[in-house]
Structures are given as structure tokens and as C-alpha cells.
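Structure file entry06.pdb (PDB, C-alpha atoms and all ligand atoms) follows.
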```pdb
MODEL        1
ATOM      1  CA  MET O   1      16.284  28.853  50.520  1.00  0.00           C
ATOM      2  CA  ASP O   2      18.819  31.501  49.572  1.00  0.00           C
ATOM      3  CA  LYS O   3      16.946  34.457  48.093  1.00  0.00           C
ATOM      4  CA  GLU O   4      19.844  35.147  45.667  1.00  0.00           C
ATOM      5  CA  LYS O   5      19.046  31.781  44.058  1.00  0.00           C
ATOM      6  CA  CYS O   6      15.266  32.157  44.170  1.00  0.00           C
ATOM      7  CA  ILE O   7      13.734  31.976  40.678  1.00  0.00           C
ATOM      8  CA  PHE O   8      10.799  34.236  41.592  1.00  0.00           C
ATOM      9  CA  CYS O   9      13.141  36.881  43.088  1.00  0.00           C
ATOM     10  CA  LYS O  10      15.034  36.719  39.784  1.00  0.00           C
ATOM     11  CA  ILE O  11      11.756  37.350  37.924  1.00  0.00           C
ATOM     12  CA  VAL O  12      11.006  40.308  40.242  1.00  0.00           C
ATOM     13  CA  ASN O  13      14.511  41.704  39.513  1.00  0.00           C
ATOM     14  CA  ARG O  14      14.225  41.025  35.754  1.00  0.00           C
ATOM     15  CA  GLU O  15      17.185  38.625  35.944  1.00  0.00           C
ATOM     16  CA  SER O  16      15.034  35.821  34.571  1.00  0.00           C
ATOM     17  CA  PRO O  17      12.516  36.042  31.712  1.00  0.00           C
ATOM     18  CA  SER O  18       8.787  35.683  32.331  1.00  0.00           C
ATOM     19  CA  HIS O  19       5.426  36.814  30.981  1.00  0.00           C
ATOM     20  CA  ILE O  20       4.527  39.498  33.510  1.00  0.00           C
ATOM     21  CA  VAL O  21       0.845  40.511  33.524  1.00  0.00           C
ATOM     22  CA  TYR O  22       0.700  42.771  36.588  1.00  0.00           C
ATOM     23  CA  GLU O  23       3.023  44.639  38.907  1.00  0.00           C
ATOM     24  CA  ASP O  24       2.692  47.144  41.745  1.00  0.00           C
ATOM     25  CA  ASN O  25       5.133  48.187  44.479  1.00  0.00           C
ATOM     26  CA  GLU O  26       4.603  45.043  46.530  1.00  0.00           C
ATOM     27  CA  HIS O  27       3.336  42.388  44.096  1.00  0.00           C
ATOM     28  CA  ILE O  28       4.064  40.801  40.760  1.00  0.00           C
ATOM     29  CA  ALA O  29       1.986  38.390  38.653  1.00  0.00           C
ATOM     30  CA  PHE O  30       3.212  36.340  35.702  1.00  0.00           C
ATOM     31  CA  LEU O  31       2.166  33.314  33.667  1.00  0.00           C
ATOM     32  CA  ASP O  32       3.066  29.888  35.048  1.00  0.00           C
ATOM     33  CA  ILE O  33       5.734  28.283  32.847  1.00  0.00           C
ATOM     34  CA  ALA O  34       3.939  24.892  32.938  1.00  0.00           C
ATOM     35  CA  PRO O  35       0.276  25.909  33.129  1.00  0.00           C
ATOM     36  CA  PHE O  36      -2.686  23.741  34.133  1.00  0.00           C
ATOM     37  CA  SER O  37      -4.760  25.819  31.706  1.00  0.00           C
ATOM     38  CA  ILE O  38      -4.203  28.742  29.385  1.00  0.00           C
ATOM     39  CA  GLY O  39      -3.973  31.864  31.562  1.00  0.00           C
ATOM     40  CA  HIS O  40      -2.674  30.055  34.684  1.00  0.00           C
ATOM     41  CA  THR O  41      -1.074  32.944  36.577  1.00  0.00           C
ATOM     42  CA  LEU O  42       1.109  33.148  39.686  1.00  0.00           C
ATOM     43  CA  VAL O  43       0.658  36.094  42.045  1.00  0.00           C
ATOM     44  CA  CYS O  44       3.600  36.795  44.390  1.00  0.00           C
ATOM     45  CA  PRO O  45       4.697  39.307  46.955  1.00  0.00           C
ATOM     46  CA  LYS O  46       7.941  40.935  45.771  1.00  0.00           C
ATOM     47  CA  ARG O  47       9.483  40.548  49.195  1.00  0.00           C
ATOM     48  CA  HIS O  48      10.996  37.088  49.528  1.00  0.00           C
ATOM     49  CA  GLY O  49       9.365  34.775  52.041  1.00  0.00           C
ATOM     50  CA  GLU O  50       8.968  31.020  51.748  1.00  0.00           C
ATOM     51  CA  THR O  51       5.495  30.454  53.135  1.00  0.00           C
ATOM     52  CA  LEU O  52       2.521  32.468  54.392  1.00  0.00           C
ATOM     53  CA  TRP O  53       4.080  32.266  57.866  1.00  0.00           C
ATOM     54  CA  ASP O  54       6.898  34.578  56.661  1.00  0.00           C
ATOM     55  CA  MET O  55       4.370  37.321  55.875  1.00  0.00           C
ATOM     56  CA  THR O  56       2.446  39.713  58.077  1.00  0.00           C
ATOM     57  CA  GLU O  57      -1.341  39.319  58.195  1.00  0.00           C
ATOM     58  CA  GLU O  58      -1.658  42.631  56.384  1.00  0.00           C
ATOM     59  CA  GLU O  59       0.621  41.374  53.592  1.00  0.00           C
ATOM     60  CA  ILE O  60      -1.384  38.129  53.367  1.00  0.00           C
ATOM     61  CA  GLY O  61      -4.608  40.105  53.101  1.00  0.00           C
ATOM     62  CA  LYS O  62      -3.236  42.311  50.334  1.00  0.00           C
ATOM     63  CA  LEU O  63      -1.831  39.342  48.410  1.00  0.00           C
ATOM     64  CA  PHE O  64      -5.221  37.606  48.342  1.00  0.00           C
ATOM     65  CA  MET O  65      -6.907  40.876  47.379  1.00  0.00           C
ATOM     66  CA  VAL O  66      -4.578  41.236  44.390  1.00  0.00           C
ATOM     67  CA  ALA O  67      -5.100  37.564  43.447  1.00  0.00           C
ATOM     68  CA  SER O  68      -8.864  38.011  43.602  1.00  0.00           C
ATOM     69  CA  ARG O  69      -8.694  41.076  41.380  1.00  0.00           C
ATOM     70  CA  ILE O  70      -6.391  39.320  38.907  1.00  0.00           C
ATOM     71  CA  SER O  71      -8.668  36.258  38.827  1.00  0.00           C
ATOM     72  CA  LYS O  72     -11.463  38.374  37.348  1.00  0.00           C
ATOM     73  CA  ALA O  73      -9.216  39.638  34.546  1.00  0.00           C
ATOM     74  CA  VAL O  74      -7.788  36.157  33.879  1.00  0.00           C
ATOM     75  CA  VAL O  75     -11.213  34.472  33.672  1.00  0.00           C
ATOM     76  CA  LYS O  76     -12.544  37.207  31.399  1.00  0.00           C
ATOM     77  CA  ALA O  77      -9.429  37.294  29.205  1.00  0.00           C
ATOM     78  CA  VAL O  78      -9.387  33.563  28.436  1.00  0.00           C
ATOM     79  CA  GLY O  79     -13.165  33.118  28.342  1.00  0.00           C
ATOM     80  CA  ALA O  80     -13.287  30.667  31.260  1.00  0.00           C
ATOM     81  CA  GLN O  81     -16.276  30.130  33.567  1.00  0.00           C
ATOM     82  CA  GLY O  82     -14.562  29.668  36.927  1.00  0.00           C
ATOM     83  CA  PHE O  83     -11.208  29.629  38.637  1.00  0.00           C
ATOM     84  CA  ARG O  84      -9.229  27.940  41.357  1.00  0.00           C
ATOM     85  CA  LEU O  85      -6.887  29.636  43.807  1.00  0.00           C
ATOM     86  CA  ILE O  86      -4.195  27.241  45.032  1.00  0.00           C
ATOM     87  CA  GLN O  87      -1.555  28.190  47.565  1.00  0.00           C
ATOM     88  CA  ASN O  88       0.983  25.551  48.633  1.00  0.00           C
ATOM     89  CA  ASN O  89       3.084  25.863  51.807  1.00  0.00           C
ATOM     90  CA  GLY O  90       5.987  23.480  52.399  1.00  0.00           C
ATOM     91  CA  GLU O  91       7.348  20.397  50.695  1.00  0.00           C
ATOM     92  CA  ALA O  92       4.589  18.213  52.146  1.00  0.00           C
ATOM     93  CA  ALA O  93       2.076  20.406  50.302  1.00  0.00           C
ATOM     94  CA  ASN O  94       4.025  19.988  47.036  1.00  0.00           C
ATOM     95  CA  GLN O  95       5.497  23.492  47.187  1.00  0.00           C
ATOM     96  CA  VAL O  96       8.279  23.447  44.620  1.00  0.00           C
ATOM     97  CA  VAL O  97       9.249  27.139  44.493  1.00  0.00           C
ATOM     98  CA  ALA O  98      10.065  28.416  48.003  1.00  0.00           C
ATOM     99  CA  HIS O  99       8.770  31.958  47.429  1.00  0.00           C
ATOM    100  CA  VAL O 100       5.146  32.601  48.430  1.00  0.00           C
ATOM    101  CA  HIS O 101       2.753  32.519  45.486  1.00  0.00           C
ATOM    102  CA  ILE O 102      -0.922  32.019  44.713  1.00  0.00           C
ATOM    103  CA  HIS O 103      -1.902  30.029  41.648  1.00  0.00           C
ATOM    104  CA  VAL O 104      -4.822  31.562  39.738  1.00  0.00           C
ATOM    105  CA  ILE O 105      -6.094  28.784  37.474  1.00  0.00           C
ATOM    106  CA  PRO O 106      -8.974  29.554  35.116  1.00  0.00           C
ATOM    107  CA  VAL O 107     -11.295  26.594  34.475  1.00  0.00           C
ATOM    108  CA  ARG O 108     -13.950  25.820  31.876  1.00  0.00           C
ATOM    109  CA  MET O 109     -17.247  23.995  32.229  1.00  0.00           C
ATOM    110  CA  GLU O 110     -16.053  21.253  29.873  1.00  0.00           C
ATOM    111  CA  ASP O 111     -13.141  20.485  32.262  1.00  0.00           C
ATOM    112  CA  ARG O 112     -15.410  20.077  35.283  1.00  0.00           C
ATOM    113  CA  GLY O 113     -14.444  17.027  37.333  1.00  0.00           C
ATOM    114  CA  LYS O 114     -11.301  16.423  35.277  1.00  0.00           C
ATOM    115  CA  PHE O 115      -7.868  15.925  36.798  1.00  0.00           C
ATOM    116  CA  LEU O 116      -5.624  19.002  36.423  1.00  0.00           C
ATOM    117  CA  ASP O 117      -2.640  18.263  34.195  1.00  0.00           C
ATOM    118  CA  ARG O 118       0.176  20.466  32.906  1.00  0.00           C
ATOM    119  CA  LYS O 119      -0.147  21.853  29.380  1.00  0.00           C
ATOM    120  CA  LYS O 120       2.397  23.226  26.963  1.00  0.00           C
ATOM    121  CA  PHE O 121       1.647  26.317  24.902  1.00  0.00           C
ATOM    122  CA  THR O 122       3.790  27.997  22.261  1.00  0.00           C
ATOM    123  CA  GLU O 123       5.705  31.186  23.032  1.00  0.00           C
ATOM    124  CA  GLU O 124       3.303  32.990  20.706  1.00  0.00           C
ATOM    125  CA  GLU O 125       0.262  31.700  22.656  1.00  0.00           C
ATOM    126  CA  MET O 126       1.881  32.680  25.986  1.00  0.00           C
ATOM    127  CA  LEU O 127       2.674  36.191  24.698  1.00  0.00           C
ATOM    128  CA  LYS O 128      -0.831  36.645  23.342  1.00  0.00           C
ATOM    129  CA  THR O 129      -2.394  35.381  26.582  1.00  0.00           C
ATOM    130  CA  ALA O 130      -0.216  37.693  28.709  1.00  0.00           C
ATOM    131  CA  ASP O 131      -1.259  40.610  26.494  1.00  0.00           C
ATOM    132  CA  ILE O 132      -5.002  39.989  26.811  1.00  0.00           C
ATOM    133  CA  ILE O 133      -4.729  39.493  30.584  1.00  0.00           C
ATOM    134  CA  LYS O 134      -2.751  42.762  30.891  1.00  0.00           C
ATOM    135  CA  GLN O 135      -5.441  44.483  28.848  1.00  0.00           C
ATOM    136  CA  ALA O 136      -8.225  43.027  31.022  1.00  0.00           C
ATOM    137  CA  ILE O 137      -6.409  44.178  34.176  1.00  0.00           C
ATOM    138  CA  THR O 138      -6.022  47.687  32.745  1.00  0.00           C
ATOM    139  CA  ASN O 139      -9.727  47.746  31.852  1.00  0.00           C
ATOM    140  CA  SER O 140     -10.770  46.521  35.288  1.00  0.00           C
ATOM    141  CA  ASP O 141      -8.535  49.209  36.867  1.00  0.00           C
ATOM    142  CA  SER O 142     -10.337  51.853  34.842  1.00  0.00           C
ATOM    143  CA  ILE O 143     -13.714  50.378  35.922  1.00  0.00           C
ATOM    144  CA  VAL O 144     -12.622  50.697  39.568  1.00  0.00           C
ATOM    145  CA  GLU O 145     -11.515  54.276  38.875  1.00  0.00           C
ATOM    146  CA  GLU O 146     -14.923  55.019  37.280  1.00  0.00           C
ATOM    147  CA  GLN O 147     -16.780  53.648  40.301  1.00  0.00           C
ATOM    148  CA  ARG O 148     -14.737  55.819  42.667  1.00  0.00           C
ATOM    149  CA  LYS O 149     -15.806  59.032  40.880  1.00  0.00           C
TER     150      LYS O 149
HETATM  151  P1  LIG Z   1       4.292  25.235  43.674  1.00  0.00           P
HETATM  152  O1  LIG Z   1       4.193  23.740  43.509  1.00  0.00           O
HETATM  153  O2  LIG Z   1       3.067  25.830  44.317  1.00  0.00           O
HETATM  154  O3  LIG Z   1       5.588  25.662  44.348  1.00  0.00           O
HETATM  155  O4  LIG Z   1       4.283  25.808  42.206  1.00  0.00           O
HETATM  156  C1  LIG Z   1       5.367  26.444  41.589  1.00  0.00           C
HETATM  157  C2  LIG Z   1       4.940  26.805  40.193  1.00  0.00           C
HETATM  158  O5  LIG Z   1       5.925  27.634  39.639  1.00  0.00           O
HETATM  159  C3  LIG Z   1       4.773  25.616  39.246  1.00  0.00           C
HETATM  160  O6  LIG Z   1       3.441  25.580  38.747  1.00  0.00           O
HETATM  161  C4  LIG Z   1       5.809  25.889  38.134  1.00  0.00           C
HETATM  162  O7  LIG Z   1       5.340  25.506  36.864  1.00  0.00           O
HETATM  163  C5  LIG Z   1       6.005  27.378  38.254  1.00  0.00           C
HETATM  164  N1  LIG Z   1       7.308  27.883  37.803  1.00  0.00           N
HETATM  165  C6  LIG Z   1       8.538  27.407  38.110  1.00  0.00           C
HETATM  166  N2  LIG Z   1       9.496  28.164  37.539  1.00  0.00           N
HETATM  167  C7  LIG Z   1       8.858  29.152  36.866  1.00  0.00           C
HETATM  168  C8  LIG Z   1       9.289  30.245  36.052  1.00  0.00           C
HETATM  169  N3  LIG Z   1      10.587  30.474  35.818  1.00  0.00           N
HETATM  170  N4  LIG Z   1       8.356  31.044  35.497  1.00  0.00           N
HETATM  171  C9  LIG Z   1       7.042  30.808  35.710  1.00  0.00           C
HETATM  172  N5  LIG Z   1       6.572  29.799  36.465  1.00  0.00           N
HETATM  173  C10 LIG Z   1       7.469  28.980  37.030  1.00  0.00           C
HETATM  174 ZN    ZN Z   2      12.260  34.785  46.305  1.00  0.00          ZN
ENDMDL
END
```
The structure given in the file should be rewritten as C-alpha cells.
Ligand code: AMP
Ligand code: ZN
Amino acid sequence: MDKEKCIFCKIVNRESPSHIVYEDNEHIAFLDIAPFSIGHTLVCPKRHGETLWDMTEEEIGKLFMVASRISKAVVKAVGAQGFRLIQNNGEAANQVVAHVHIHVIPVRMEDRGKFLDRKKFTEEEMLKTADIIKQAITNSDSIVEEQRK
């Protein structure tokens, strides 16, 4: 896959719109355009690579650390009770976007055992959800800062 044509590289470079909830020097996280649940977030390294095998072990470690941290904010923000992390590598694994990403999918007790299906939310709902997740991430950052003191 040509990285000039990669949709997630375009999101990183602000050439394509998205609902970004988190960014640091090496990572970006934004809402999935066709979410399995409200708050479904994708966490990506900014550097283009198709699968985990294109990343160093240190990069893989950091990516999962960021996803874990974001999962706490996502679950809290949308009032879910659990979450799934899904990470697809290769066509055989149903990877559609060839830029490494981790799905953070918040889940509720009432959906336990149910098949995951794509939902559609309004632009207003997506904006509001991105805002509360951003807020929860900011709050969790300040909690981490507090604990370091
Ligand atoms: P995967 O099957 O793991 O490659 O999943 C790719 C995910 O990217 C899917 O859940 C899509 O809904 C999502 N997606 C594709 N294009 C965009 C986009 N422009 N903004 C946000 N999410 C996207
Ligand atoms: Zn890319």
C-alpha cells in the first residue's frame, strides 16, 4: 500500500477529516467512522506500517500502552462496563485499512454475548462523544500527573 494514498496517513496529516480524541508525537487516536458501539476508537502509530511486523517491539509496546490508557477514558466517557481490543493483520484477518491500528471497542453488560454489528451515529453524536473522550483523557492525564508528585 502506497502511504500517499493511505487514509490513516491522511488523517495524521489533517488531509482527511476525523474525530481525533488523542495525539502525541508518535500516536493518534480517532473515532471509527463505522463504529461497533458509541466510542469505538482507533489507536494508530503515526509512522506508516501495514502490520505489527512493520514495527519495532518497542513501538508495539508503546502502541498497546497508549491503547490501554485510552480504553480507560473511552469506557468511562461512554459509561460502558468493559472493552475489547481488536488488532487485525492482513487480508485474511479482515484488515481493511493497511495502516496498523488497534480497535478500542467499549461494551455494555446488556450487549454481552451479542454479535458485534456496525452502528451509525449522527455527526452531532460523534462530536459529542469525541469531546467527552478527550475530556476523560485529559482528566486521566492529570490523575497520572498527581500520582507522580
Ligand atoms: P480493519 O478491518 O481492522 O482494517 O478496520 C479498519 C477500520 O477503519 C474499520 O472499522 C473502518 O470503519 C475504519 N475506517 C475506515 N476509514 C475510516 C476513516 N476515514 N475514519 C475513521 N475510521 C475509518
Ligand atoms: Zn498510513
(message) As a check of understanding, name the residues that the PyMOL selection byres (((chain O and resi 98) around 9) and not hetatm) selects in the supplied structure, as a ChimeraX atom specification.
(response) /O:1,6-8,48-51,89-91,95-97,99-101
(request) Taking (-9.8, 20.6, 33.7) in the file's own coordinates, collect the residues within 12 Å, counting all atoms listed in the file, and hand them back as a PyMOL selection string. (result) chain O and resi 35-38+40+80-84+105-119
Where's the centre, and what are the edge lengths in Å to one decimal, of a box along x, y and z enclosing all listed atoms of ligand LIG 1 (chain Z) padded 6 Å per side, as lines of an AutoDock Vina configuration file?
```
center_x = 6.8
center_y = 27.4
center_z = 39.9
size_x = 19.5
size_y = 19.3
size_z = 20.9
```
(request) Using all atoms listed in the file, pick whichever of O:Asn13, O:Asn139, O:Ser18, O:Thr129 has the shortest atom-to-atom distance to ligand ZN 2 (chain Z). (result)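 Looking at the shortest contact to ligand ZN 2 (chain Z), the residue is O:Asn13.
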(message) Considering all atoms listed in the file, can you say which of O:His27, O:Arg47, O:Thr41, O:Met65 comes closest to ligand ZN 2 (chain Z)?
(response) O:Arg47
(request) Record the distance separating atom CA of Ser71 of chain O and atom CA of Asp131 of chain O, expressed in Å with one decimal. (result) 15.0 Å
(request) Identify all residues satisfying the PyMOL selection byres (((chain O and resi 135) around 12) and not hetatm) in the given file; provide them as a PyMOL selection string. (result) chain O and resi 21-22+70+73-74+76-78+128-134+136-142
Emit the selected residues as an mmCIF file, in the coordinates of the input, including C-alpha atoms.
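Once written, part12.cif looks like this:
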```
data_model
loop_
_atom_site.group_PDB
_atom_site.id
_atom_site.type_symbol
_atom_site.label_atom_id
_atom_site.label_comp_id
_atom_site.auth_asym_id
_atom_site.auth_seq_id
_atom_site.Cartn_x
_atom_site.Cartn_y
_atom_site.Cartn_z
ATOM 1 C CA VAL O 21 0.845 40.511 33.524
ATOM 2 C CA TYR O 22 0.700 42.771 36.588
ATOM 3 C CA ILE O 70 -6.391 39.320 38.907
ATOM 4 C CA ALA O 73 -9.216 39.638 34.546
ATOM 5 C CA VAL O 74 -7.788 36.157 33.879
ATOM 6 C CA LYS O 76 -12.544 37.207 31.399
ATOM 7 C CA ALA O 77 -9.429 37.294 29.205
ATOM 8 C CA VAL O 78 -9.387 33.563 28.436
ATOM 9 C CA LYS O 128 -0.831 36.645 23.342
ATOM 10 C CA THR O 129 -2.394 35.381 26.582
ATOM 11 C CA ALA O 130 -0.216 37.693 28.709
ATOM 12 C CA ASP O 131 -1.259 40.610 26.494
ATOM 13 C CA ILE O 132 -5.002 39.989 26.811
ATOM 14 C CA ILE O 133 -4.729 39.493 30.584
ATOM 15 C CA LYS O 134 -2.751 42.762 30.891
ATOM 16 C CA ALA O 136 -8.225 43.027 31.022
ATOM 17 C CA ILE O 137 -6.409 44.178 34.176
ATOM 18 C CA THR O 138 -6.022 47.687 32.745
ATOM 19 C CA ASN O 139 -9.727 47.746 31.852
ATOM 20 C CA SER O 140 -10.770 46.521 35.288
ATOM 21 C CA ASP O 141 -8.535 49.209 36.867
ATOM 22 C CA SER O 142 -10.337 51.853 34.842
#
```
Output check: residues returned by the PyMOL selection byres (((chain O and resi 85) around 6) and not hetatm), as a PDB file with C-alpha atoms, keeping the file's coordinate frame:
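Final output, saved to out.pdb:
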```pdb
ATOM      1  CA  ARG O  84      -9.229  27.940  41.357  1.00  0.00           C
ATOM      2  CA  ILE O  86      -4.195  27.241  45.032  1.00  0.00           C
ATOM      3  CA  HIS O 103      -1.902  30.029  41.648  1.00  0.00           C
ATOM      4  CA  VAL O 104      -4.822  31.562  39.738  1.00  0.00           C
TER       5      VAL O 104
END
```
Write out as an mmCIF file with C-alpha atoms, in the frame of the given file each polymer residue whose atoms come within 12 Å of Glu23 of chain O, counting only C-alpha atoms; drop sequence neighbours fewer than 6 positions from it.
```
data_model
loop_
_atom_site.group_PDB
_atom_site.id
_atom_site.type_symbol
_atom_site.label_atom_id
_atom_site.label_comp_id
_atom_site.auth_asym_id
_atom_site.auth_seq_id
_atom_site.Cartn_x
_atom_site.Cartn_y
_atom_site.Cartn_z
ATOM 1 C CA ILE O 11 11.756 37.350 37.924
ATOM 2 C CA VAL O 12 11.006 40.308 40.242
ATOM 3 C CA ASN O 13 14.511 41.704 39.513
ATOM 4 C CA ALA O 29 1.986 38.390 38.653
ATOM 5 C CA PHE O 30 3.212 36.340 35.702
ATOM 6 C CA LEU O 42 1.109 33.148 39.686
ATOM 7 C CA VAL O 43 0.658 36.094 42.045
ATOM 8 C CA CYS O 44 3.600 36.795 44.390
ATOM 9 C CA PRO O 45 4.697 39.307 46.955
ATOM 10 C CA LYS O 46 7.941 40.935 45.771
ATOM 11 C CA LEU O 63 -1.831 39.342 48.410
ATOM 12 C CA VAL O 66 -4.578 41.236 44.390
ATOM 13 C CA ALA O 67 -5.100 37.564 43.447
ATOM 14 C CA ILE O 70 -6.391 39.320 38.907
ATOM 15 C CA LYS O 134 -2.751 42.762 30.891
ATOM 16 C CA ILE O 137 -6.409 44.178 34.176
ATOM 17 C CA THR O 138 -6.022 47.687 32.745
#
```
(message) If I take atom O1 of ligand LIG 1 (chain Z) and atom CA of Met126 of chain O, how far is one from the other in Å, to one decimal?
(response)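 Separation between atom O1 of ligand LIG 1 (chain Z) and atom CA of Met126 of chain O: 19.8 Å.
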(request) Check the smallest atom-to-atom distance from each of O:Gly61, O:Leu52, O:Ala34, O:Ala92 to Glu123 of chain O using only C-alpha atoms, then report the winner. (result)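 Using only C-alpha atoms, the shortest distance to Glu123 of chain O belongs to O:Ala34.
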